[in-house]
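The file work_36.cif comes next; it holds mmCIF, C-alpha atoms.
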data_coords
loop_
_atom_site.group_PDB
_atom_site.id
_atom_site.type_symbol
_atom_site.label_atom_id
_atom_site.label_comp_id
_atom_site.auth_asym_id
_atom_site.auth_seq_id
_atom_site.Cartn_x
_atom_site.Cartn_y
_atom_site.Cartn_z
ATOM 1 C CA MET D 24 -39.703 -53.534 50.136
ATOM 2 C CA ALA D 25 -38.740 -55.424 46.988
ATOM 3 C CA ILE D 26 -40.545 -52.940 44.794
ATOM 4 C CA GLY D 27 -38.887 -49.993 46.552
ATOM 5 C CA GLY D 28 -35.471 -51.612 46.112
ATOM 6 C CA ARG D 29 -36.055 -52.086 42.428
ATOM 7 C CA ILE D 30 -37.078 -48.430 42.083
ATOM 8 C CA ASP D 31 -33.973 -47.310 43.968
ATOM 9 C CA ARG D 32 -31.742 -49.447 41.758
ATOM 10 C CA ALA D 33 -33.447 -48.098 38.585
ATOM 11 C CA GLU D 34 -33.009 -44.552 39.872
ATOM 12 C CA GLN D 35 -29.340 -45.235 40.599
ATOM 13 C CA ALA D 36 -28.890 -46.705 37.105
ATOM 14 C CA ARG D 37 -30.485 -43.631 35.525
ATOM 15 C CA ASN D 38 -28.339 -41.322 37.628
ATOM 16 C CA LEU D 39 -25.215 -43.290 36.704
ATOM 17 C CA ALA D 40 -26.122 -43.243 33.019
ATOM 18 C CA GLN D 41 -26.783 -39.518 33.202
ATOM 19 C CA ALA D 42 -23.486 -38.920 34.971
ATOM 20 C CA GLN D 43 -21.664 -41.014 32.349
ATOM 21 C CA LEU D 44 -23.399 -39.063 29.572
ATOM 22 C CA VAL D 45 -22.389 -35.759 31.161
ATOM 23 C CA ALA D 46 -18.811 -36.987 31.501
ATOM 24 C CA LEU D 47 -18.817 -38.237 27.892
ATOM 25 C CA ASN D 48 -20.135 -34.898 26.648
ATOM 26 C CA ALA D 49 -17.480 -33.059 28.647
ATOM 27 C CA GLU D 50 -14.762 -35.331 27.243
ATOM 28 C CA LEU D 51 -16.097 -34.865 23.718
ATOM 29 C CA GLU D 52 -16.188 -31.095 24.163
ATOM 30 C CA THR D 53 -12.622 -31.129 25.427
ATOM 31 C CA ARG D 54 -11.505 -33.167 22.422
ATOM 32 C CA VAL D 55 -13.312 -30.818 20.026
ATOM 33 C CA GLN D 56 -11.642 -27.827 21.654
ATOM 34 C CA GLU D 57 -8.237 -29.534 21.385
ATOM 35 C CA ARG D 58 -8.795 -30.387 17.721
ATOM 36 C CA THR D 59 -10.014 -26.855 17.037
ATOM 37 C CA ARG D 60 -6.860 -25.440 18.618
ATOM 38 C CA GLU D 61 -4.718 -27.856 16.578
ATOM 39 C CA LEU D 62 -6.502 -26.936 13.334
ATOM 40 C CA ARG D 63 -6.233 -23.234 14.132
ATOM 41 C CA ALA D 64 -2.503 -23.626 14.773
ATOM 42 C CA LYS D 65 -2.029 -25.593 11.535
ATOM 43 C CA ASN D 66 -4.040 -23.050 9.540
ATOM 44 C CA GLN D 67 -2.001 -20.245 11.039
ATOM 45 C CA GLN D 68 1.207 -22.086 10.149
ATOM 46 C CA MET D 69 -0.011 -22.641 6.589
ATOM 47 C CA ALA D 70 -0.967 -18.968 6.285
ATOM 48 C CA GLU D 71 2.476 -17.920 7.531
ATOM 49 C CA GLU D 72 4.164 -20.297 5.082
ATOM 50 C CA LEU D 73 2.059 -18.919 2.203
ATOM 51 C CA ARG D 74 2.961 -15.369 3.221
ATOM 52 C CA MET D 75 6.615 -16.340 3.240
ATOM 53 C CA ALA D 76 6.235 -18.032 -0.152
ATOM 54 C CA ARG D 77 4.618 -14.863 -1.506
ATOM 55 C CA GLU D 78 7.446 -12.710 -0.143
ATOM 56 C CA LEU D 79 10.049 -15.037 -1.650
ATOM 57 C CA GLN D 80 8.269 -15.078 -4.990
ATOM 58 C CA LEU D 81 8.086 -11.295 -5.070
ATOM 59 C CA ALA D 82 11.756 -11.108 -4.101
ATOM 60 C CA LEU D 83 12.643 -13.241 -7.145
ATOM 61 C CA LEU D 84 11.083 -10.680 -9.473
ATOM 62 C CA PRO D 85 13.410 -7.929 -10.759
ATOM 63 C CA GLN D 86 13.887 -5.283 -8.090
ATOM 64 C CA GLU D 87 15.727 -3.017 -10.534
ATOM 65 C CA PHE D 88 16.286 -3.182 -14.271
ATOM 66 C CA PRO D 89 19.505 -3.384 -16.265
ATOM 67 C CA THR D 90 20.833 -0.484 -18.295
ATOM 68 C CA VAL D 91 22.032 -0.831 -21.883
ATOM 69 C CA PRO D 92 25.015 -0.552 -22.021
ATOM 70 C CA ALA D 93 25.600 -1.871 -18.525
ATOM 71 C CA ASP D 94 27.924 0.924 -17.360
ATOM 72 C CA VAL D 95 25.652 3.927 -18.037
ATOM 73 C CA PRO D 96 23.266 5.637 -15.588
ATOM 74 C CA ASP D 97 19.539 5.008 -15.944
ATOM 75 C CA HIS D 98 18.795 8.230 -17.815
ATOM 76 C CA GLU D 99 21.366 7.329 -20.498
ATOM 77 C CA SER D 100 20.198 3.749 -21.035
ATOM 78 C CA ALA D 101 19.165 2.898 -24.600
ATOM 79 C CA LEU D 102 16.339 0.744 -23.211
ATOM 80 C CA ARG D 103 13.992 1.509 -20.360
ATOM 81 C CA PHE D 104 11.775 -1.054 -18.652
ATOM 82 C CA LEU D 105 8.467 -0.842 -16.781
ATOM 83 C CA SER D 106 6.543 -3.590 -15.021
ATOM 84 C CA LEU D 107 3.183 -4.191 -13.361
ATOM 85 C CA TYR D 108 2.422 -7.290 -11.307
ATOM 86 C CA PHE D 109 -0.934 -8.138 -9.737
ATOM 87 C CA PRO D 110 -1.186 -11.629 -8.173
ATOM 88 C CA THR D 111 -4.747 -12.581 -7.272
ATOM 89 C CA GLY D 112 -3.827 -15.103 -4.549
ATOM 90 C CA ASP D 113 -1.126 -15.669 -1.974
ATOM 91 C CA VAL D 114 1.230 -16.988 -4.649
ATOM 92 C CA SER D 115 1.135 -16.606 -8.400
ATOM 93 C CA GLY D 116 1.716 -18.639 -11.538
ATOM 94 C CA ASP D 117 2.848 -15.524 -13.437
ATOM 95 C CA PHE D 118 6.534 -14.713 -13.644
ATOM 96 C CA PHE D 119 8.831 -12.342 -15.517
ATOM 97 C CA SER D 120 12.507 -11.547 -15.681
ATOM 98 C CA VAL D 121 14.588 -8.810 -17.321
ATOM 99 C CA PHE D 122 18.338 -9.282 -17.737
ATOM 100 C CA PRO D 123 21.310 -8.128 -19.822
ATOM 101 C CA VAL D 124 22.267 -10.105 -22.928
ATOM 102 C CA GLY D 125 25.829 -9.078 -23.688
ATOM 103 C CA GLU D 126 26.719 -5.384 -23.726
ATOM 104 C CA LYS D 127 24.108 -3.977 -26.082
ATOM 105 C CA ALA D 128 20.972 -6.071 -25.585
ATOM 106 C CA ALA D 129 18.492 -7.119 -22.918
ATOM 107 C CA GLY D 130 16.190 -10.108 -22.575
ATOM 108 C CA VAL D 131 12.609 -10.071 -21.289
ATOM 109 C CA PHE D 132 11.068 -13.399 -20.318
ATOM 110 C CA ILE D 133 7.431 -13.692 -19.273
ATOM 111 C CA CYS D 134 5.430 -16.816 -18.444
ATOM 112 C CA ASP D 135 2.076 -17.940 -17.128
ATOM 113 C CA VAL D 136 1.825 -21.365 -15.482
ATOM 114 C CA MET D 137 -1.412 -23.353 -15.622
ATOM 115 C CA GLY D 138 -3.663 -22.916 -12.597
ATOM 116 C CA HIS D 139 -3.060 -21.060 -9.354
ATOM 117 C CA GLY D 140 -1.506 -21.590 -5.970
ATOM 118 C CA VAL D 141 1.548 -23.383 -4.683
ATOM 119 C CA ARG D 142 1.916 -25.895 -7.551
ATOM 120 C CA SER D 143 1.979 -23.130 -10.143
ATOM 121 C CA ALA D 144 4.396 -21.060 -8.088
ATOM 122 C CA LEU D 145 6.757 -24.039 -7.802
ATOM 123 C CA ILE D 146 6.747 -24.453 -11.587
ATOM 124 C CA THR D 147 7.633 -20.769 -12.054
ATOM 125 C CA SER D 148 10.638 -21.247 -9.765
ATOM 126 C CA MET D 149 11.619 -24.338 -11.738
ATOM 127 C CA ILE D 150 11.405 -22.458 -15.048
ATOM 128 C CA ARG D 151 13.531 -19.650 -13.631
ATOM 129 C CA ALA D 152 16.208 -22.137 -12.574
ATOM 130 C CA LEU D 153 16.128 -23.890 -15.959
ATOM 131 C CA MET D 154 16.538 -20.546 -17.712
ATOM 132 C CA GLU D 155 19.614 -19.709 -15.676
ATOM 133 C CA GLU D 156 21.140 -23.078 -16.612
ATOM 134 C CA GLN D 157 20.893 -22.138 -20.306
ATOM 135 C CA ALA D 158 22.819 -18.870 -20.141
ATOM 136 C CA GLN D 159 24.993 -19.900 -23.116
ATOM 137 C CA VAL D 160 22.017 -19.643 -25.511
ATOM 138 C CA ILE D 161 20.316 -16.689 -23.877
ATOM 139 C CA GLY D 162 20.728 -14.596 -27.027
ATOM 140 C CA ASP D 163 18.678 -17.047 -29.127
ATOM 141 C CA PRO D 164 15.044 -17.028 -27.910
ATOM 142 C CA GLY D 165 13.975 -20.094 -29.909
ATOM 143 C CA GLU D 166 16.852 -22.222 -28.698
ATOM 144 C CA LEU D 167 16.365 -21.102 -25.097
ATOM 145 C CA LEU D 168 12.674 -22.036 -25.100
ATOM 146 C CA THR D 169 13.464 -25.350 -26.807
ATOM 147 C CA ARG D 170 15.959 -26.356 -24.120
ATOM 148 C CA VAL D 171 13.876 -25.140 -21.174
ATOM 149 C CA ASN D 172 10.810 -26.941 -22.530
ATOM 150 C CA HIS D 173 12.687 -30.218 -22.964
ATOM 151 C CA ALA D 174 14.024 -30.126 -19.399
ATOM 152 C CA LEU D 175 10.659 -29.072 -17.918
ATOM 153 C CA ALA D 176 8.708 -31.761 -19.791
ATOM 154 C CA GLU D 177 11.121 -34.456 -18.626
ATOM 155 C CA ILE D 178 10.862 -33.332 -15.000
ATOM 156 C CA LEU D 179 7.055 -33.294 -15.115
ATOM 157 C CA LYS D 180 7.053 -36.717 -16.764
ATOM 158 C CA GLN D 181 9.205 -38.166 -13.977
ATOM 159 C CA ALA D 182 6.915 -36.548 -11.394
ATOM 160 C CA ARG D 183 3.898 -38.073 -13.194
ATOM 161 C CA THR D 184 2.071 -34.778 -13.192
ATOM 162 C CA THR D 185 0.508 -32.706 -15.940
ATOM 163 C CA MET D 186 1.307 -29.013 -15.915
ATOM 164 C CA PHE D 187 2.162 -26.540 -18.610
ATOM 165 C CA ALA D 188 3.320 -22.957 -18.987
ATOM 166 C CA THR D 189 2.943 -20.414 -21.763
ATOM 167 C CA CYS D 190 6.025 -18.261 -22.301
ATOM 168 C CA PHE D 191 7.250 -15.415 -24.464
ATOM 169 C CA TYR D 192 10.918 -14.501 -24.677
ATOM 170 C CA LEU D 193 12.149 -11.288 -26.286
ATOM 171 C CA VAL D 194 15.670 -9.967 -26.863
ATOM 172 C CA ALA D 195 15.899 -6.255 -27.687
ATOM 173 C CA ASP D 196 19.245 -5.697 -29.407
ATOM 174 C CA VAL D 197 20.359 -2.071 -29.560
ATOM 175 C CA ASN D 198 23.459 -2.856 -31.629
ATOM 176 C CA THR D 199 21.500 -4.410 -34.528
ATOM 177 C CA ALA D 200 18.296 -2.391 -33.952
ATOM 178 C CA GLU D 201 16.205 -5.554 -33.937
ATOM 179 C CA LEU D 202 13.887 -7.590 -31.772
ATOM 180 C CA ARG D 203 14.413 -11.353 -31.577
ATOM 181 C CA PHE D 204 11.621 -13.377 -30.045
ATOM 182 C CA ALA D 205 10.031 -16.805 -29.636
ATOM 183 C CA ASN D 206 6.615 -17.826 -28.363
ATOM 184 C CA ALA D 207 5.450 -20.924 -26.469
ATOM 185 C CA GLY D 208 1.654 -20.700 -26.528
ATOM 186 C CA HIS D 209 1.619 -17.213 -24.997
ATOM 187 C CA PRO D 210 -0.333 -14.087 -26.012
ATOM 188 C CA CYS D 211 1.820 -12.287 -28.583
ATOM 189 C CA ALA D 212 3.712 -9.248 -27.331
ATOM 190 C CA LEU D 213 2.673 -5.965 -28.959
ATOM 191 C CA HIS D 214 5.015 -3.641 -30.841
ATOM 192 C CA ILE D 215 3.985 0.009 -30.861
ATOM 193 C CA ARG D 216 6.098 1.766 -33.465
ATOM 194 C CA GLN D 217 7.097 5.292 -32.435
ATOM 195 C CA ARG D 218 3.924 5.793 -30.401
ATOM 196 C CA SER D 219 1.549 5.361 -33.320
ATOM 197 C CA ALA D 220 -1.368 2.985 -33.872
ATOM 198 C CA PRO D 221 -2.004 0.264 -34.636
ATOM 199 C CA ALA D 222 -0.004 -1.888 -32.261
ATOM 200 C CA GLU D 223 1.473 -4.859 -34.131
ATOM 201 C CA LYS D 224 1.628 -8.411 -32.829
ATOM 202 C CA LEU D 225 5.095 -9.875 -32.528
ATOM 203 C CA GLN D 226 4.562 -13.172 -34.286
ATOM 204 C CA SER D 227 6.369 -15.355 -36.792
ATOM 205 C CA ASP D 228 4.234 -15.970 -39.911
ATOM 206 C CA GLY D 229 1.219 -16.363 -37.658
ATOM 207 C CA ARG D 230 2.675 -19.426 -35.947
ATOM 208 C CA VAL D 231 2.837 -19.874 -32.178
ATOM 209 C CA GLY D 232 4.699 -22.806 -30.631
ATOM 210 C CA PRO D 233 3.031 -25.158 -28.116
ATOM 211 C CA ALA D 234 2.921 -24.422 -24.406
ATOM 212 C CA MET D 235 5.963 -25.669 -22.530
ATOM 213 C CA GLY D 236 5.988 -28.830 -20.437
ATOM 214 C CA ILE D 237 3.833 -30.997 -22.715
ATOM 215 C CA LEU D 238 5.939 -32.034 -25.730
ATOM 216 C CA PRO D 239 9.614 -32.696 -24.855
ATOM 217 C CA SER D 240 10.628 -32.696 -28.539
ATOM 218 C CA ALA D 241 8.975 -29.382 -29.434
ATOM 219 C CA ARG D 242 11.201 -26.860 -31.183
ATOM 220 C CA TYR D 243 10.683 -23.117 -31.085
ATOM 221 C CA GLU D 244 11.753 -20.763 -33.842
ATOM 222 C CA THR D 245 13.359 -17.361 -33.397
ATOM 223 C CA ALA D 246 11.711 -14.530 -35.330
ATOM 224 C CA THR D 247 13.066 -11.005 -35.851
ATOM 225 C CA ARG D 248 11.577 -7.546 -36.218
ATOM 226 C CA SER D 249 13.287 -4.179 -36.631
ATOM 227 C CA MET D 250 13.036 -1.620 -33.852
ATOM 228 C CA ALA D 251 13.648 2.121 -33.736
ATOM 229 C CA LYS D 252 13.903 5.002 -31.307
ATOM 230 C CA GLY D 253 10.508 5.779 -29.798
ATOM 231 C CA ASP D 254 9.165 2.216 -30.050
ATOM 232 C CA LEU D 255 7.358 0.582 -27.138
ATOM 233 C CA ILE D 256 7.021 -3.190 -26.691
ATOM 234 C CA MET D 257 4.370 -4.579 -24.355
ATOM 235 C CA LEU D 258 4.484 -8.132 -22.978
ATOM 236 C CA PHE D 259 1.630 -9.436 -20.819
ATOM 237 C CA THR D 260 -0.135 -12.507 -19.455
ATOM 238 C CA ASP D 261 -3.712 -13.430 -20.383
ATOM 239 C CA GLY D 262 -5.116 -12.231 -17.058
ATOM 240 C CA LEU D 263 -4.947 -8.744 -18.566
ATOM 241 C CA PHE D 264 -7.811 -9.383 -20.970
ATOM 242 C CA GLU D 265 -9.716 -12.344 -19.497
ATOM 243 C CA VAL D 266 -11.897 -10.113 -17.332
ATOM 244 C CA GLU D 267 -15.681 -10.518 -16.991
ATOM 245 C CA ASP D 268 -18.159 -7.685 -16.633
ATOM 246 C CA ARG D 269 -21.386 -7.841 -14.626
ATOM 247 C CA GLU D 270 -23.252 -9.361 -17.588
ATOM 248 C CA GLY D 271 -20.704 -12.145 -17.967
ATOM 249 C CA ASN D 272 -19.087 -10.690 -21.099
ATOM 250 C CA VAL D 273 -15.344 -11.206 -21.346
ATOM 251 C CA PHE D 274 -12.984 -8.333 -22.133
ATOM 252 C CA SER D 275 -11.412 -9.879 -25.216
ATOM 253 C CA GLN D 276 -7.941 -9.667 -26.705
ATOM 254 C CA GLN D 277 -9.447 -7.628 -29.551
ATOM 255 C CA GLN D 278 -10.832 -5.125 -27.037
ATOM 256 C CA LEU D 279 -7.422 -4.962 -25.389
ATOM 257 C CA HIS D 280 -5.803 -4.087 -28.719
ATOM 258 C CA ALA D 281 -8.466 -1.427 -29.373
ATOM 259 C CA THR D 282 -7.889 0.090 -25.925
ATOM 260 C CA ILE D 283 -4.132 0.115 -26.467
ATOM 261 C CA ASN D 284 -4.506 1.791 -29.865
ATOM 262 C CA LEU D 285 -6.513 4.614 -28.262
ATOM 263 C CA HIS D 286 -3.656 5.546 -25.943
ATOM 264 C CA VAL D 287 -0.454 4.759 -27.862
ATOM 265 C CA ALA D 288 0.610 8.413 -28.022
ATOM 266 C CA LEU D 289 0.792 8.768 -24.235
ATOM 267 C CA PRO D 290 4.075 8.575 -22.292
ATOM 268 C CA PRO D 291 4.749 4.954 -21.171
ATOM 269 C CA GLU D 292 3.727 5.333 -17.512
ATOM 270 C CA GLU D 293 0.499 7.133 -18.389
ATOM 271 C CA PHE D 294 -0.148 4.701 -21.243
ATOM 272 C CA PHE D 295 -0.010 1.635 -18.982
ATOM 273 C CA SER D 296 -1.996 3.369 -16.251
ATOM 274 C CA ARG D 297 -4.784 4.358 -18.654
ATOM 275 C CA VAL D 298 -5.011 0.921 -20.281
ATOM 276 C CA LEU D 299 -5.229 -0.884 -16.924
ATOM 277 C CA GLU D 300 -7.761 1.629 -15.631
ATOM 278 C CA GLU D 301 -10.089 0.939 -18.550
ATOM 279 C CA ILE D 302 -9.757 -2.831 -18.147
ATOM 280 C CA ARG D 303 -10.558 -2.588 -14.432
ATOM 281 C CA LYS D 304 -13.671 -0.582 -15.247
ATOM 282 C CA SER D 305 -14.852 -3.525 -17.356
ATOM 283 C CA SER D 306 -14.536 -5.963 -14.460
ATOM 284 C CA LYS D 307 -17.545 -6.862 -12.328
ATOM 285 C CA ARG D 308 -15.250 -6.645 -9.296
ATOM 286 C CA ASP D 309 -13.259 -3.583 -10.398
ATOM 287 C CA ALA D 310 -10.241 -5.880 -10.307
ATOM 288 C CA PHE D 311 -8.592 -8.650 -12.279
ATOM 289 C CA ASP D 312 -9.964 -12.198 -12.185
ATOM 290 C CA ASP D 313 -6.575 -13.809 -12.831
ATOM 291 C CA ASP D 314 -2.933 -13.071 -12.098
ATOM 292 C CA VAL D 315 -1.679 -10.183 -14.244
ATOM 293 C CA CYS D 316 1.864 -9.448 -15.309
ATOM 294 C CA VAL D 317 2.810 -6.655 -17.736
ATOM 295 C CA VAL D 318 6.294 -5.638 -18.892
ATOM 296 C CA GLY D 319 7.082 -2.675 -21.120
ATOM 297 C CA VAL D 320 10.260 -1.961 -23.088
ATOM 298 C CA GLU D 321 10.810 1.621 -24.223
ATOM 299 C CA VAL D 322 13.408 2.075 -26.969
ATOM 300 C CA ARG D 323 15.204 5.345 -26.334
ATOM 301 C CA ARG D 324 17.856 4.912 -29.012
ATOM 302 C CA THR D 325 19.600 2.382 -31.211
ATOM 303 C CA ASP D 326 23.251 2.334 -32.303
#

Whole structure given in structure tokens:
Amino acid sequence: MAIGGRIDRAEQARNLAQAQLVALNAELETRVQERTRELRAKNQQMAEELRMARELQLALLPQEFPTVPADVPDHESALRFLSLYFPTGDVSGDFFSVFPVGEKAAGVFICDVMGHGVRSALITSMIRALMEEQAQVIGDPGELLTRVNHALAEILKQARTTMFATCFYLVADVNTAELRFANAGHPCALHIRQRSAPAEKLQSDGRVGPAMGILPSARYETATRSMAKGDLIMLFTDGLFEVEDREGNVFSQQQLHATINLHVALPPEEFFSRVLEEIRKSSKRDAFDDDVCVVGVEVRRTD
């Protein structure tokens, strides 16, 4: 009898332990399902917020371009603008803006913020806001970059974060028939004179200022270049030429210039289309590896 009782109690203990294990597994499975639902909901919320951020960022880009002078229809404008924008992620660190500078000039600002994602996109919005605060010096590219850089570097210092942005700012002045520009560590814009090769770099004595956001005291110089009817100016970010082929070779800036020189005689739309088509062919993914922003300025006449 004693032995049978011990067996019964052992059997009961095993059954109880098994029942507890089953209950524990069920509870654990329920918790996992709850956490999975929570994570799925959070991921969905993050995806929706990124989509909204992308839509807002795209909305901040120029939806239409100014005419020069401001009161003429598009077909009579002395300057005509074209743009191409290819973000590789949900949000981009590339940004551009085109705006009137007085009655007879227009400014083109292009920048590329370090890295990708939300942090870079926030810096682009910050740079845009800082630019708008400096409207009184918008006609002087060097002074504008100097002031924006100082403000940006101070903000990043207070935030104890390291970020930087390369920028190029160009003013095309129809009244004086000149280009004024300044460069903060950015690929030099290209000046195609009356649709003939070679395309010339817009640079000041070979000097390029530092990227913005690093040195608060940096000063940027304004350089000038003459412009004439039939000229085309091309501004771009480095994603345009930092493309790898299937062998790991990078499509270099020199190759970009060579490609551009092959097609300079084409009308602007066809010119940009052909250049981008050839670059895409060089990519192992038939696409760009980095954000790409391109802005063209066609000079139709000067006063």

- prompt: atom CA of Pro164 of chain D and atom CA of Arg324 of chain D, how far apart in Å?
  reply: 22.1 Å

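For the pair atom CA of Lys180 of chain D and atom CA of Ile161 of chain D, the interatomic distance is 25.1 Å.
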
task: Would you list the contacts of Arg103 of chain D as a ChimeraX atom specification, taking every protein, DNA or RNA residue within 8 Å and counting only C-alpha atoms, but skipping same-chain residues closer than 2 positions in sequence?
output: /D:90,97,100-101,105,320-323

message: Take the PyMOL selection byres ((chain D and resi 273-282) around 8), run it mentally on this structure, and tell me the resulting residues as a list of chain:residue names.
response: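 After applying the PyMOL selection byres ((chain D and resi 273-282) around 8), what remains is D:Ala222, D:Phe264, D:Glu265, D:Val266, D:Glu267, D:Asp268, D:Gly271, D:Asn272, D:Ile283, D:Asn284, D:Leu285, D:His286, D:Val298, D:Glu301, D:Ile302, D:Ser305.
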
- prompt: Which is closer to Ile146 of chain D than all the others in D:Pro290, D:Pro92, D:Gly236, D:Pro221, using all atoms listed in the file?
  reply: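 Looking only at the distances to Ile146 of chain D, the closest residue turns out to be D:Gly236.
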
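Our summary of the geometry notes that atom CA of Val194 of chain D is positioned 23.9 Å from atom CA of Ala176 of chain D.
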
- request: Choose the residue, out of D:Leu168, D:Ala152, D:Leu145, D:Val197, that has the smallest atom-to-atom separation from Glu126 of chain D; count only C-alpha atoms.
  value: D:Val197

query: Which residues match the PyMOL selection byres ((chain D and resi 325) around 12) in the file above, as a list in words?
result: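 Output from the PyMOL selection byres ((chain D and resi 325) around 12), applied to this file: Val91, Pro92, Glu99, Ser100, Ala101, Leu102, Lys127, Ala128, Ala195, Asp196, Val197, Asn198, Thr199, Ala200, Glu201, Leu202, Ser249, Met250, Ala251, Lys252, Gly253, Asp254, Glu321, Val322, Arg323, Arg324 and Asp326 of chain D.
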
- prompt: How would you write, as a list in words, the residues chosen by the PyMOL selection byres ((chain D and resi 215) around 9) on this structure?
  reply: Leu213, His214, Arg216, Gln217, Arg218, Ser219, Ala220, Pro221, Ala222, Glu223, Lys224, Gly253, Asp254, Leu255, Ile256, Met257, Asn284 and Val287 of chain D

task: Using all atoms listed in the file, pick whichever of D:Pro210, D:Leu51, D:Leu84, D:Leu225 has the shortest atom-to-atom distance to Arg151 of chain D.
output: D:Leu84

query: If we count only C-alpha atoms, what is near Phe132 of chain D at a cut-off of 9 Å, once residues fewer than 2 positions away on the same chain are taken out, given as a ChimeraX atom specification?
result: /D:118-122,130,134,190-194,258

What are the centre and the three edge lengths of an axis-aligned box that wraps all atoms of segment 243-251 of chain D in the file, given that 8 Å is added to every side, written as lines of an AutoDock Vina configuration file and rounded to one decimal in Å?
center_x = 12.2
center_y = -10.5
center_z = -33.9
size_x = 19.0
size_y = 41.2
size_z = 21.5

- prompt: Can you list, as JSON, numbers by chain, every protein, DNA or RNA residue that comes within 9 Å of Pro110 of chain D when you count all atoms listed in the file, leaving out same-chain residues fewer than 2 positions away?
  reply: {"D": [108, 112, 113, 114, 115, 116, 117, 311, 313, 314, 315, 316]}

task: Find, counting only C-alpha atoms, the residue in D:Met149, D:Leu167, D:Ala288, D:Ile133 that gets nearest to Asp261 of chain D.
output: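 Smallest distance to Asp261 of chain D is found for D:Ile133.
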
message: Please determine, counting only C-alpha atoms, which residue among D:Phe187, D:Tyr243, D:Phe294, D:Phe104 has the shortest atom-to-atom distance to Ala205 of chain D.
response: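 Closest to Ala205 of chain D of all the choices is D:Tyr243.
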